[in-house]
Structure formats: C-alpha cells, structure tokens
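So this one's target_1.pdb, PDB, C-alpha atoms, pLDDT in the B column:
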ATOM      1  CA  MET N   1      81.823 128.883  87.728  1.00 77.00           C
ATOM      2  CA  ASN N   2      84.780 130.197  89.760  1.00 83.00           C
ATOM      3  CA  GLU N   3      85.413 129.476  93.453  1.00 81.00           C
ATOM      4  CA  ASP N   4      83.835 132.751  94.652  1.00 80.00           C
ATOM      5  CA  ASP N   5      80.691 132.045  92.620  1.00 82.00           C
ATOM      6  CA  LYS N   6      80.486 128.511  94.058  1.00 82.00           C
ATOM      7  CA  LEU N   7      80.879 129.862  97.596  1.00 80.00           C
ATOM      8  CA  GLY N   8      78.232 132.527  97.001  1.00 81.00           C
ATOM      9  CA  ALA N   9      75.811 129.960  95.603  1.00 82.00           C
ATOM     10  CA  ALA N  10      76.372 127.665  98.591  1.00 78.00           C
ATOM     11  CA  ILE N  11      75.779 130.509 101.051  1.00 79.00           C
ATOM     12  CA  GLU N  12      72.583 131.493  99.269  1.00 83.00           C
ATOM     13  CA  ARG N  13      71.330 127.889  99.271  1.00 78.00           C
ATOM     14  CA  VAL N  14      71.961 127.475 103.012  1.00 75.00           C
ATOM     15  CA  GLN N  15      70.325 130.814 103.847  1.00 79.00           C
ATOM     16  CA  GLU N  16      67.265 129.923 101.756  1.00 82.00           C
ATOM     17  CA  LEU N  17      66.902 126.620 103.619  1.00 75.00           C
ATOM     18  CA  GLY N  18      66.970 128.495 106.931  1.00 74.00           C
ATOM     19  CA  ALA N  19      64.420 131.016 105.680  1.00 77.00           C
ATOM     20  CA  GLU N  20      62.020 128.180 104.849  1.00 74.00           C
ATOM     21  CA  VAL N  21      61.799 127.370 108.561  1.00 73.00           C
ATOM     22  CA  GLU N  22      61.948 131.042 109.567  1.00 77.00           C
ATOM     23  CA  SER N  23      65.468 130.845 110.951  1.00 75.00           C
ATOM     24  CA  SER N  24      68.026 133.511 110.155  1.00 76.00           C
ATOM     25  CA  ALA N  25      71.561 132.696 109.079  1.00 77.00           C
ATOM     26  CA  GLU N  26      74.847 134.524 109.290  1.00 82.00           C
ATOM     27  CA  ALA N  27      77.414 134.139 106.502  1.00 84.00           C
ATOM     28  CA  SER N  28      81.131 134.868 106.827  1.00 88.00           C
ATOM     29  CA  THR N  29      83.634 134.475 104.022  1.00 87.00           C
ATOM     30  CA  GLY N  30      86.595 136.428 105.287  1.00 90.00           C
ATOM     31  CA  GLY N  31      88.012 138.972 107.680  1.00 93.00           C
ATOM     32  CA  ASP N  32      87.601 139.017 111.449  1.00 95.00           C
ATOM     33  CA  ALA N  33      84.270 137.185 111.355  1.00 93.00           C
ATOM     34  CA  LEU N  34      85.708 134.144 109.589  1.00 94.00           C
ATOM     35  CA  ALA N  35      88.872 134.252 111.715  1.00 96.00           C
ATOM     36  CA  HIS N  36      86.675 134.128 114.839  1.00 96.00           C
ATOM     37  CA  ILE N  37      84.667 131.170 113.496  1.00 94.00           C
ATOM     38  CA  ARG N  38      87.817 129.229 112.623  1.00 96.00           C
ATOM     39  CA  ALA N  39      89.371 129.896 116.034  1.00 97.00           C
ATOM     40  CA  GLU N  40      86.231 128.696 117.838  1.00 96.00           C
ATOM     41  CA  LEU N  41      86.041 125.604 115.618  1.00 95.00           C
ATOM     42  CA  HIS N  42      89.639 124.724 116.487  1.00 96.00           C
ATOM     43  CA  LYS N  43      88.828 124.989 120.208  1.00 96.00           C
ATOM     44  CA  TRP N  44      85.693 122.888 119.725  1.00 93.00           C
ATOM     45  CA  VAL N  45      87.542 120.195 117.741  1.00 93.00           C
ATOM     46  CA  ASP N  46      89.998 119.922 120.627  1.00 94.00           C
ATOM     47  CA  THR N  47      87.090 118.640 122.781  1.00 92.00           C
ATOM     48  CA  VAL N  48      86.762 115.547 120.556  1.00 94.00           C
ATOM     49  CA  ALA N  49      87.571 112.364 122.475  1.00 93.00           C
ATOM     50  CA  GLY N  50      86.659 109.935 119.686  1.00 93.00           C
ATOM     51  CA  ALA N  51      85.013 109.636 116.317  1.00 93.00           C
ATOM     52  CA  VAL N  52      82.909 107.178 114.353  1.00 92.00           C
ATOM     53  CA  VAL N  53      83.494 107.467 110.608  1.00 93.00           C
ATOM     54  CA  ASN N  54      80.883 105.928 108.325  1.00 92.00           C
ATOM     55  CA  ALA N  55      81.863 106.713 104.749  1.00 90.00           C
ATOM     56  CA  GLY N  56      79.042 104.562 103.351  1.00 90.00           C
ATOM     57  CA  LEU N  57      76.468 106.783 105.054  1.00 92.00           C
ATOM     58  CA  GLY N  58      78.402 110.001 104.478  1.00 94.00           C
ATOM     59  CA  ARG N  59      78.474 110.702 108.205  1.00 94.00           C
ATOM     60  CA  VAL N  60      81.007 111.364 110.932  1.00 94.00           C
ATOM     61  CA  THR N  61      79.966 111.296 114.577  1.00 94.00           C
ATOM     62  CA  LEU N  62      82.259 113.134 116.963  1.00 93.00           C
ATOM     63  CA  LEU N  63      82.289 112.053 120.603  1.00 93.00           C
ATOM     64  CA  HIS N  64      83.201 114.829 123.024  1.00 91.00           C
ATOM     65  CA  HIS N  65      84.799 114.654 126.478  1.00 87.00           C
ATOM     66  CA  ASN N  66      81.557 115.957 128.021  1.00 88.00           C
ATOM     67  CA  GLY N  67      79.636 112.925 126.698  1.00 88.00           C
ATOM     68  CA  LYS N  68      77.850 114.773 123.912  1.00 90.00           C
ATOM     69  CA  GLU N  69      77.831 113.657 120.300  1.00 91.00           C
ATOM     70  CA  THR N  70      77.957 115.745 117.148  1.00 93.00           C
ATOM     71  CA  SER N  71      76.881 114.179 113.885  1.00 93.00           C
ATOM     72  CA  ILE N  72      78.141 115.703 110.648  1.00 95.00           C
ATOM     73  CA  ALA N  73      76.671 114.734 107.277  1.00 95.00           C
ATOM     74  CA  SER N  74      79.209 115.289 104.520  1.00 95.00           C
ATOM     75  CA  SER N  75      80.046 113.764 101.178  1.00 93.00           C
ATOM     76  CA  GLU N  76      83.767 114.502 101.724  1.00 95.00           C
ATOM     77  CA  LEU N  77      84.633 114.422 105.438  1.00 95.00           C
ATOM     78  CA  PRO N  78      84.232 110.660 106.006  1.00 94.00           C
ATOM     79  CA  TYR N  79      86.628 109.947 103.137  1.00 94.00           C
ATOM     80  CA  LEU N  80      89.150 112.494 104.410  1.00 94.00           C
ATOM     81  CA  LEU N  81      89.140 110.781 107.812  1.00 93.00           C
ATOM     82  CA  SER N  82      89.136 107.157 106.589  1.00 90.00           C
ATOM     83  CA  ARG N  83      92.345 105.214 106.327  1.00 85.00           C
ATOM     84  CA  PRO N  84      92.989 102.939 103.364  1.00 82.00           C
ATOM     85  CA  ALA N  85      92.162  99.282 103.856  1.00 80.00           C
ATOM     86  CA  LYS N  86      95.088  97.041 104.760  1.00 83.00           C
ATOM     87  CA  PHE N  87      95.271  93.374 103.878  1.00 86.00           C
ATOM     88  CA  ASP N  88      97.612  91.006 105.681  1.00 80.00           C
ATOM     89  CA  ASN N  89      99.611  88.631 103.500  1.00 67.00           C
TER      90      ASN N  89
END

Here is a file; write its structure as structure tokens.
Amino acid sequence: MNEDDKLGAAIERVQELGAEVESSAEASTGGDALAHIRAELHKWVDTVAGAVVNAGLGRVTLLHHNGKETSIASSELPYLLSRPAKFDN
C-alpha cells in the first residue's frame, strides 16, 4: 500500500468513526485547506507553556498559557518528544 492509499484509508477510518456518533468530519490533504490547518496548528503550538510526556501510556498532555490542557493519544508522538535516558557514571 503506497503513502496516498494509507492516507486515504486513515481519512476514511476517522470519518467513519465520526459518522457513528453522527458528527461530520472535514478532510484536507493538500492545497490551501491543509496550508490553513498547518498555519493554525503552528499558532496553537506556540501557546504551549509545558508538556507532560508519558510514552508508556502513549499520551502527551500539553499545558497552555491560558491554563487549559490538551491531551493527545499517539503511538509515535511521546517517543518523538522523549529524550534518551542518561546514566551518571
């Protein structure tokens, strides 16, 4: 399965989950729509004042300047954000 097929399958899976609870979804994979989403995400990430990374649970909790928290479940993100263990000699 190529990358476009994987992306299409993921979009379909997410939209089907939303349909099960009667919630519509909007998918963007390129062009102005995706550029807008990325720009807004960059602005939003800049509001992060701290983070709790729990790789064992597959979760990252972002702490924002306004006091709100955002919890992200991901099999990859916690490992991307974790630093390797260091052992003192």

Can you list what the PyMOL selection byres ((chain N and resi 37-51) around 8) grabs from this structure, as a ChimeraX atom specification? /N:33-36,52-53,60-65

Picked residues, the PyMOL selection byres ((chain N and resi 54) around 12), expected as a list in words: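 The output of the PyMOL selection byres ((chain N and resi 54) around 12) on this file is Ala51, Val52, Val53, Ala55, Gly56, Leu57, Gly58, Arg59, Val60, Thr61, Leu62, Ser71, Ile72, Ala73, Ser74, Ser75, Glu76, Leu77, Pro78, Tyr79, Leu80, Leu81, Ser82 and Arg83 of chain N.
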
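Take atom CA of N:Met1 and atom CA of N:Val21: the distance between them is 28.9 Å.
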
Can you list, as a tab-separated table (two decimals) with C-alpha atoms, in the coordinates of the input, every protein, DNA or RNA residue that comes within 9 Å of N:Ala25 when you count all atoms listed in the file, leaving out same-chain residues fewer than 5 positions away?
chain	number	residue	atom	x	y	z
N	14	VAL	CA	71.96	127.48	103.01
N	15	GLN	CA	70.32	130.81	103.85
N	16	GLU	CA	67.26	129.92	101.76
N	18	GLY	CA	66.97	128.50	106.93
N	19	ALA	CA	64.42	131.02	105.68

Quick one, how far is atom CA of N:Ser23 from atom CA of N:Ile11? 14.3 Å

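For the pair atom CA of N:Leu7 and atom CA of N:Gly31, the interatomic distance is 15.3 Å.
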